[in-house]
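Visitor: Sharing model-v7.txt below, compact mmCIF, C-alpha atoms:
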```
# COMPACT_ATOMS: atom_id res chain seq x y z
CA MET Z 1 -2.92 57.52 -30.33
CA ALA Z 2 -5.39 57.09 -27.50
CA LEU Z 3 -5.42 53.65 -25.88
CA SER Z 4 -9.20 53.48 -26.30
CA LYS Z 5 -8.84 54.05 -30.03
CA ILE Z 6 -6.26 51.29 -30.32
CA GLN Z 7 -8.48 48.96 -28.36
CA SER Z 8 -11.52 49.70 -30.49
CA GLU Z 9 -9.90 49.87 -33.91
CA SER Z 10 -6.60 48.01 -33.39
CA MET Z 11 -3.41 49.58 -34.61
CA ASN Z 12 -2.54 49.32 -38.27
CA LEU Z 13 1.19 49.81 -38.51
CA ALA Z 14 1.23 50.06 -42.29
CA ASP Z 15 -1.59 52.59 -42.66
CA THR Z 16 -0.94 54.62 -39.56
CA TYR Z 17 2.82 54.68 -39.54
CA ALA Z 18 3.72 53.61 -43.10
CA PHE Z 19 5.59 50.70 -41.58
CA THR Z 20 7.02 48.38 -44.22
CA GLY Z 21 9.13 46.01 -42.14
CA THR Z 22 8.37 42.54 -40.84
CA VAL Z 23 6.89 42.06 -37.43
CA SER Z 24 8.49 39.07 -35.78
CA GLY Z 25 8.74 37.65 -32.34
CA THR Z 26 9.53 34.56 -30.36
CA PRO Z 27 6.48 32.50 -29.44
CA GLN Z 28 5.83 32.46 -25.76
CA ASP Z 29 6.78 29.42 -23.77
CA MET Z 30 3.15 28.74 -22.91
CA VAL Z 31 0.05 30.09 -24.63
CA LYS Z 32 -3.68 29.53 -24.43
CA ILE Z 33 -4.79 28.26 -27.82
CA TYR Z 34 -8.48 27.52 -27.35
CA SER Z 35 -11.01 28.04 -24.60
CA ILE Z 36 -14.49 26.59 -24.63
CA ASP Z 37 -17.34 27.10 -22.19
CA VAL Z 38 -19.85 24.39 -23.03
CA SER Z 39 -23.28 25.94 -23.50
CA VAL Z 40 -24.90 23.22 -25.60
CA ALA Z 41 -24.67 19.52 -24.70
CA ALA Z 42 -22.14 17.90 -27.01
CA THR Z 43 -20.82 14.43 -27.69
CA SER Z 44 -17.21 15.60 -27.42
CA ILE Z 45 -14.75 18.45 -27.14
CA ASP Z 46 -12.18 18.13 -29.91
CA PHE Z 47 -8.94 20.05 -30.36
CA GLU Z 48 -7.85 19.49 -33.94
CA THR Z 49 -5.51 22.33 -34.70
CA LEU Z 50 -2.43 21.72 -32.60
CA PRO Z 51 0.28 24.23 -33.56
CA THR Z 52 3.59 22.56 -34.37
CA THR Z 53 5.29 25.37 -32.45
CA TYR Z 54 4.44 23.36 -29.37
CA ASN Z 55 5.06 19.65 -28.93
CA ASN Z 56 3.49 19.52 -25.48
CA PHE Z 57 0.02 20.58 -24.46
CA CYS Z 58 -2.03 21.00 -21.34
CA VAL Z 59 -5.81 20.96 -21.06
CA GLN Z 60 -7.46 22.50 -18.03
CA VAL Z 61 -11.01 21.24 -17.51
CA GLY Z 62 -13.22 22.98 -15.00
CA ASP Z 63 -16.66 22.26 -13.52
CA PHE Z 64 -17.46 19.57 -16.06
CA GLU Z 65 -20.65 17.57 -15.80
CA PRO Z 66 -22.08 14.71 -17.82
CA SER Z 67 -25.67 14.75 -19.02
CA SER Z 68 -26.39 11.89 -16.63
CA ASN Z 69 -24.61 10.73 -13.50
CA GLY Z 70 -22.33 7.73 -13.42
CA ALA Z 71 -20.23 8.76 -16.43
CA GLY Z 72 -16.45 8.91 -16.62
CA LEU Z 73 -14.34 11.44 -18.50
CA ARG Z 74 -12.19 9.93 -21.24
CA VAL Z 75 -9.67 11.04 -23.85
CA ARG Z 76 -8.80 9.74 -27.30
CA PHE Z 77 -6.08 10.72 -29.76
CA LYS Z 78 -6.60 11.34 -33.44
CA THR Z 79 -3.88 10.08 -35.74
CA SER Z 80 -3.85 9.48 -39.47
CA GLY Z 81 -6.71 7.02 -39.21
CA GLY Z 82 -9.09 9.12 -37.13
CA TYR Z 83 -9.68 8.89 -33.38
CA ALA Z 84 -8.02 5.67 -32.23
CA SER Z 85 -10.46 3.34 -30.48
CA GLY Z 86 -8.71 -0.01 -30.65
CA ALA Z 87 -8.09 -2.09 -27.56
CA SER Z 88 -4.31 -1.80 -27.93
CA ASP Z 89 -4.16 1.87 -28.89
CA TYR Z 90 -3.62 3.09 -25.34
CA SER Z 91 -1.67 1.96 -22.34
CA VAL Z 92 -2.70 3.36 -19.01
CA SER Z 93 -1.21 3.00 -15.57
CA ARG Z 94 -3.26 4.49 -12.79
CA GLN Z 95 -2.80 5.23 -9.16
CA ARG Z 96 -5.13 7.16 -6.95
CA ILE Z 97 -5.36 8.37 -3.40
CA TYR Z 98 -8.77 9.20 -2.06
CA GLN Z 99 -10.70 9.53 1.14
CA THR Z 100 -14.01 8.09 2.21
CA GLY Z 101 -15.45 7.50 5.63
CA GLY Z 102 -12.51 9.14 7.38
CA SER Z 103 -10.04 6.68 5.88
CA THR Z 104 -7.46 7.21 3.18
CA TRP Z 105 -7.23 4.62 0.44
CA THR Z 106 -4.87 4.01 -2.39
CA ASP Z 107 -5.27 1.68 -5.28
CA SER Z 108 -4.22 1.19 -8.85
CA ALA Z 109 -6.57 0.50 -11.68
CA ASN Z 110 -9.43 -0.71 -9.48
CA GLY Z 111 -12.38 1.57 -9.66
CA PHE Z 112 -11.45 3.18 -12.91
CA VAL Z 113 -13.03 0.64 -15.25
CA SER Z 114 -11.24 1.34 -18.49
CA ASP Z 115 -11.83 -0.88 -21.49
CA GLY Z 116 -8.45 0.05 -22.97
CA ALA Z 117 -9.80 1.86 -26.02
CA ASN Z 118 -9.35 5.28 -24.48
CA VAL Z 119 -7.59 7.12 -21.70
CA SER Z 120 -9.63 7.03 -18.53
CA LEU Z 121 -9.05 10.13 -16.46
CA GLY Z 122 -10.25 8.29 -13.38
CA ILE Z 123 -13.24 10.42 -12.65
CA ASN Z 124 -16.62 8.82 -12.32
CA SER Z 125 -19.65 9.84 -10.40
CA SER Z 126 -22.84 8.51 -9.04
CA GLY Z 127 -25.43 10.39 -7.12
CA ASN Z 128 -24.78 14.09 -7.27
CA GLY Z 129 -21.01 13.84 -7.14
CA TYR Z 130 -20.09 16.01 -10.09
CA VAL Z 131 -22.25 18.93 -9.11
CA GLU Z 132 -21.20 18.91 -5.47
CA ALA Z 133 -17.52 18.47 -6.21
CA GLY Z 134 -17.10 21.12 -8.85
CA SER Z 135 -14.98 18.53 -10.63
CA HIS Z 136 -11.87 19.66 -12.40
CA CYS Z 137 -8.71 18.18 -13.81
CA THR Z 138 -5.50 19.11 -15.55
CA VAL Z 139 -4.09 16.82 -18.20
CA TRP Z 140 -0.63 17.10 -19.74
CA PHE Z 141 0.12 15.63 -23.16
CA HIS Z 142 3.70 15.14 -24.32
CA ASN Z 143 5.44 14.44 -27.66
CA ILE Z 144 2.26 15.14 -29.57
CA HIS Z 145 3.90 15.91 -32.93
CA SER Z 146 6.80 13.49 -32.57
CA THR Z 147 6.89 10.46 -34.84
CA ASP Z 148 9.71 8.66 -33.05
CA LYS Z 149 8.37 8.83 -29.50
CA ARG Z 150 5.39 7.33 -27.80
CA LYS Z 151 2.88 9.79 -26.41
CA SER Z 152 2.54 10.25 -22.71
CA TYR Z 153 -0.10 11.93 -20.65
CA ASN Z 154 -0.78 12.46 -17.02
CA CYS Z 155 -3.62 13.92 -15.06
CA MET Z 156 -4.48 15.26 -11.66
CA SER Z 157 -8.15 15.43 -10.87
CA TRP Z 158 -10.70 16.28 -8.28
CA GLY Z 159 -14.19 14.96 -8.57
CA GLY Z 160 -17.12 12.96 -7.31
CA GLN Z 161 -16.32 9.29 -7.55
CA ASP Z 162 -18.66 7.05 -5.64
CA SER Z 163 -21.76 7.37 -3.58
CA GLN Z 164 -20.79 5.34 -0.56
CA ASN Z 165 -20.99 8.46 1.57
CA SER Z 166 -23.47 10.27 -0.66
CA SER Z 167 -20.96 13.03 -1.08
CA ALA Z 168 -18.19 14.18 -3.33
CA GLN Z 169 -14.89 12.39 -3.09
CA HIS Z 170 -11.40 13.72 -3.42
CA ILE Z 171 -9.39 11.88 -6.03
CA SER Z 172 -5.83 12.52 -6.99
CA GLY Z 173 -4.51 10.41 -9.77
CA ILE Z 174 -1.40 10.15 -11.87
CA PHE Z 175 -1.73 8.49 -15.20
CA VAL Z 176 1.10 7.52 -17.48
CA GLY Z 177 0.56 5.82 -20.75
CA SER Z 178 1.72 5.46 -24.29
CA GLY Z 179 -0.13 4.95 -27.52
CA SER Z 180 1.47 4.70 -30.93
CA LYS Z 181 4.41 6.75 -32.15
CA ASP Z 182 2.28 8.39 -34.86
CA ALA Z 183 1.91 12.14 -34.65
CA VAL Z 184 -1.30 13.20 -32.94
CA THR Z 185 -3.52 15.54 -34.93
CA GLY Z 186 -6.40 15.78 -32.50
CA ILE Z 187 -7.30 15.35 -28.83
CA ARG Z 188 -10.86 14.43 -27.90
CA PHE Z 189 -12.55 14.65 -24.49
CA TYR Z 190 -15.81 12.79 -23.99
CA PHE Z 191 -17.84 10.94 -21.41
CA ASP Z 192 -18.13 7.17 -21.62
CA SER Z 193 -21.88 7.56 -21.28
CA GLY Z 194 -24.00 10.41 -22.59
CA ASN Z 195 -23.06 13.95 -23.55
CA ILE Z 196 -20.91 16.63 -22.00
CA ALA Z 197 -23.47 18.94 -20.45
CA LYS Z 198 -21.24 21.56 -18.90
CA GLY Z 199 -17.60 22.44 -18.49
CA ARG Z 200 -14.81 24.76 -19.43
CA PHE Z 201 -12.03 23.30 -21.55
CA ALA Z 202 -8.89 25.30 -22.24
CA LEU Z 203 -6.00 24.06 -24.39
CA TYR Z 204 -2.51 25.41 -23.74
CA GLY Z 205 0.60 24.76 -25.78
CA PHE Z 206 3.96 24.82 -24.09
CA LYS Z 207 7.61 24.32 -24.87
CA GLN Z 208 10.09 22.33 -22.88
CA MET T 1 -25.83 15.47 -32.23
CA LYS T 2 -23.31 18.25 -31.74
CA LYS T 3 -19.64 18.47 -30.89
CA TYR T 4 -17.16 21.27 -30.30
CA VAL T 5 -14.16 21.40 -32.64
CA ASN T 6 -11.56 24.03 -31.77
CA GLY T 7 -14.22 25.82 -29.79
CA ILE T 8 -16.81 25.88 -32.57
CA LEU T 9 -20.10 23.99 -32.17
CA VAL T 10 -20.66 21.79 -35.22
CA ASP T 11 -22.72 18.77 -36.19
CA ALA T 12 -21.20 15.41 -35.28
CA THR T 13 -20.19 13.34 -38.29
CA SER T 14 -21.68 9.95 -39.05
CA GLU T 15 -18.41 8.40 -37.82
CA ASP T 16 -18.72 10.33 -34.57
CA VAL T 17 -22.28 9.14 -34.05
CA ALA T 18 -21.31 5.53 -34.76
CA GLN T 19 -18.43 5.69 -32.24
CA PHE T 20 -20.69 7.44 -29.71
CA ASN T 21 -23.19 4.59 -29.95
CA ILE T 22 -20.44 1.98 -29.51
CA ASP T 23 -19.18 3.83 -26.43
CA GLN T 24 -22.66 3.91 -24.93
CA GLU T 25 -22.92 0.14 -25.28
CA ASN T 26 -19.52 -0.35 -23.62
CA ALA T 27 -19.97 2.18 -20.81
CA PRO T 28 -19.49 0.68 -17.35
CA SER T 29 -22.58 0.58 -15.22
CA GLU T 30 -22.82 2.35 -11.88
CA PHE T 31 -22.68 -1.10 -10.29
CA ASP T 32 -19.38 -1.80 -12.09
CA ILE T 33 -17.98 1.47 -10.78
CA VAL T 34 -18.90 0.98 -7.12
CA MET T 35 -17.80 -2.66 -7.23
CA GLY T 36 -14.43 -1.56 -8.57
CA THR T 37 -14.05 0.84 -5.71
CA LEU T 38 -15.10 -1.81 -3.18
CA ARG T 39 -12.56 -4.28 -4.55
CA GLY T 40 -9.88 -1.61 -4.37
CA LYS T 41 -10.59 -1.01 -0.69
CA ARG T 42 -10.74 -4.73 0.03
CA ASN T 43 -7.43 -5.34 -1.71
CA SER T 44 -5.85 -2.49 0.23
CA LEU T 45 -7.00 -3.99 3.53
CA LEU T 46 -5.76 -7.46 2.57
CA ALA T 47 -2.39 -6.03 1.62
CA GLN T 48 -2.03 -4.53 5.09
CA THR T 49 -1.96 -8.01 6.63
CA ASP T 50 -0.28 -9.96 3.83
CA TYR T 51 2.95 -10.14 5.82
CA LEU T 52 1.17 -12.34 8.36
CA ALA T 53 0.86 -15.02 5.69
CA LEU T 54 4.62 -15.35 5.33
CA SER T 55 6.09 -18.71 6.28
CA ASP T 56 7.91 -17.32 9.33
CA GLN T 57 4.70 -15.87 10.79
CA THR T 58 1.84 -17.54 12.64
CA MET T 59 -1.58 -16.25 11.70
CA SER T 60 -4.19 -16.24 14.45
CA ALA T 61 -7.60 -17.79 13.91
CA ASP T 62 -9.18 -14.34 14.20
CA MET T 63 -6.91 -12.98 11.50
CA THR T 64 -7.66 -15.94 9.25
CA THR T 65 -11.37 -15.31 9.70
CA TYR T 66 -10.90 -11.59 9.05
CA ARG T 67 -8.98 -12.12 5.84
CA GLN T 68 -11.47 -14.69 4.58
CA ALA T 69 -14.32 -12.26 5.31
CA LEU T 70 -12.53 -9.65 3.20
CA ARG T 71 -12.15 -12.10 0.34
CA ASP T 72 -15.82 -12.98 0.54
CA ILE T 73 -17.06 -9.42 0.88
CA THR T 74 -18.22 -9.17 -2.73
CA ASN T 75 -20.24 -12.39 -2.56
CA GLY T 76 -23.93 -11.96 -3.22
CA LEU T 77 -23.75 -8.28 -4.14
CA THR T 78 -26.03 -7.57 -7.06
CA THR T 79 -27.08 -3.93 -6.74
CA VAL T 80 -25.51 -0.55 -6.03
CA ALA T 81 -27.48 -0.44 -2.77
CA ASP T 82 -25.94 -3.78 -1.76
CA VAL T 83 -22.46 -2.39 -2.31
CA GLU T 84 -23.18 0.83 -0.48
CA ALA T 85 -24.44 -1.16 2.52
CA VAL T 86 -21.23 -3.16 2.87
CA VAL T 87 -19.51 -2.85 6.24
CA PHE T 88 -15.92 -3.99 6.39
CA PRO T 89 -15.03 -6.44 9.18
CA GLU T 90 -13.02 -5.10 12.10
CA LYS T 91 -9.36 -5.88 11.93
CA PRO T 92 -8.31 -8.07 14.89
CA GLU T 93 -5.35 -7.20 17.07
CA VAL T 94 -2.08 -8.55 15.75
```
Reformat the file's structure so that it appears as structure tokens.
Guide:
Amino acid sequence: MALSKIQSESMNLADTYAFTGTVSGTPQDMVKIYSIDVSVAATSIDFETLPTTYNNFCVQVGDFEPSSNGAGLRVRFKTSGGYASGASDYSVSRQRIYQTGGSTWTDSANGFVSDGANVSLGINSSGNGYVEAGSHCTVWFHNIHSTDKRKSYNCMSWGGQDSQNSSAQHISGIFVGSGSKDAVTGIRFYFDSGNIAKGRFALYGFKQ
Amino acid sequence: MKKYVNGILVDATSEDVAQFNIDQENAPSEFDIVMGTLRGKRNSLLAQTDYLALSDQTMSADMTTYRQALRDITNGLTTVADVEAVVFPEKPEV
């Protein structure tokens, strides 16, 4: 069968080859599950079908921008009671290294301004930071389906942070935290102020 | 209001809208953000000379003045422009 015909019509094993067996295979160690290129401003990006084949997930976020400057990217988990937004639902430890004015700075927590009812990914902007930086981040989520382990997540990011030099800032952060031990049924990305105007969000599942 | 669920654009639920409105009210202001960054830098600079405050060290008058200036650096700041105009004091020779 010509490759072009397979590509256009797919290949039906039963009809074409009278195949009656069972097609089986081992899931790949890492697969892309969803990919979204935001074309309409939205309040959030939610991933709510998390295959149990994978207990660990990774979300790659590229060129994201809020509807208005000065917003920070956040994450919440959905458990049996909906997206958790209580003050004690998340525990976040943050450390960042960044450069401004020719100097390198490190700090923990300061500058991230998290109210505790979400996971702050440590990216904020003022001025034109997001657009200039081409902000992006990669977030790993672990033990998502487990009911006997706390969830953990960590993130590396690049993005506009402050306007002290009227330019984009380089931020690298590592975030470790734990919420409840309940299984997570959804992961939500949102800005703490306004909508998500742009961005590419891709969810990957992976085994360990 | 809209949201994306598993890549599909759908209407936000009433619960989503209610949470969105709560988040808007709690969002940090740009002033909060730049002040947080300023405090982080100030704390980092103070930490660099903390060892001089140990009991077996003698802190010079210049260093005492420098460290006090760092502690006071957020005084009187009320706007983003105020924060952006801050100039850190020069660290004296140890």
Visitor: Near chain Z, which residues of chain T fall within 8 Å when you count all atoms listed in the file, and what do they look like as a VMD selection string?
Guide: chain T and resid 1 to 7 12 20 23 to 24 26 to 30 32 to 41 44 84
Visitor: Give the centre and edge lengths of an axis-aligned box, in Å to one decimal, that holds all listed atoms of segment 30-39 of chain Z with 6 Å on each side, as JSON.
Guide:
```
{"center_x": -10.1, "center_y": 27.2, "center_z": -25.0, "size_x": 38.4, "size_y": 17.7, "size_z": 17.6}
```
Visitor: When distances are computed from all atoms listed in the file, which of Z:Leu121, Z:Ala18, Z:Met156, Z:Ile144 shows the smallest separation from Leu73 of chain Z?
Guide: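 Of the candidates, the smallest distance to Leu73 of chain Z is held by Z:Leu121.
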Visitor: Just the number, please: distance in Å from atom CA of Tyr204 of chain Z to atom CA of Met30 of chain Z, one decimal.
Guide: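 A separation of 6.6 Å between them.
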Visitor: Can you measure atom CA of Phe77 of chain Z to atom CA of Lys32 of chain Z for me? One decimal in Å is fine.
Guide: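 A separation of 19.7 Å between them.
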Visitor: Between atom CA of Ala183 of chain Z and atom CA of Thr147 of chain Z, what distance in Å does the model show, to one decimal?
Guide: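 Atom-to-atom, atom CA of Ala183 of chain Z and atom CA of Thr147 of chain Z are spaced 5.3 Å apart.
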Visitor: Here's a test: counting all atoms listed in the file, identify every protein, DNA and RNA residue with an atom at most 9 Å from (-4.2, 9.5, -39.2) in the file's coordinate frame, and state them as a PyMOL selection string.
Guide: chain Z and resi 78-84+182-185
Visitor: Please provide as a tab-separated table (two decimals) with C-alpha atoms, keeping the file's coordinate frame all residues within 7 Å of segment 66-83 of chain T, with the sequence filter that same-chain residues fewer than 5 positions apart are discarded (counting all atoms listed in the file).
Guide:
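Okay, this is what ended up in part.tsv:
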```
chain	number	residue	atom	x	y	z
T	31	PHE	CA	-22.68	-1.10	-10.29
T	34	VAL	CA	-18.90	0.98	-7.12
T	35	MET	CA	-17.80	-2.66	-7.23
T	42	ARG	CA	-10.74	-4.73	0.03
T	46	LEU	CA	-5.76	-7.46	2.57
T	89	PRO	CA	-15.03	-6.44	9.18
T	91	LYS	CA	-9.36	-5.88	11.93
```
Visitor: Can you work out which one of Z:Thr22, Z:Ser103, Z:Ser88, Z:Asn143 has the shortest atom-to-atom distance to Cys58 of chain Z, counting all atoms listed in the file?
Guide: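 Answer, going by the shortest atom-to-atom distance: Z:Asn143.
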Visitor: Which is closest to Arg200 of chain Z among Z:Val31, Z:Cys137, Z:Ala2, Z:Ala87, if we use all atoms listed in the file?
Guide: Z:Cys137
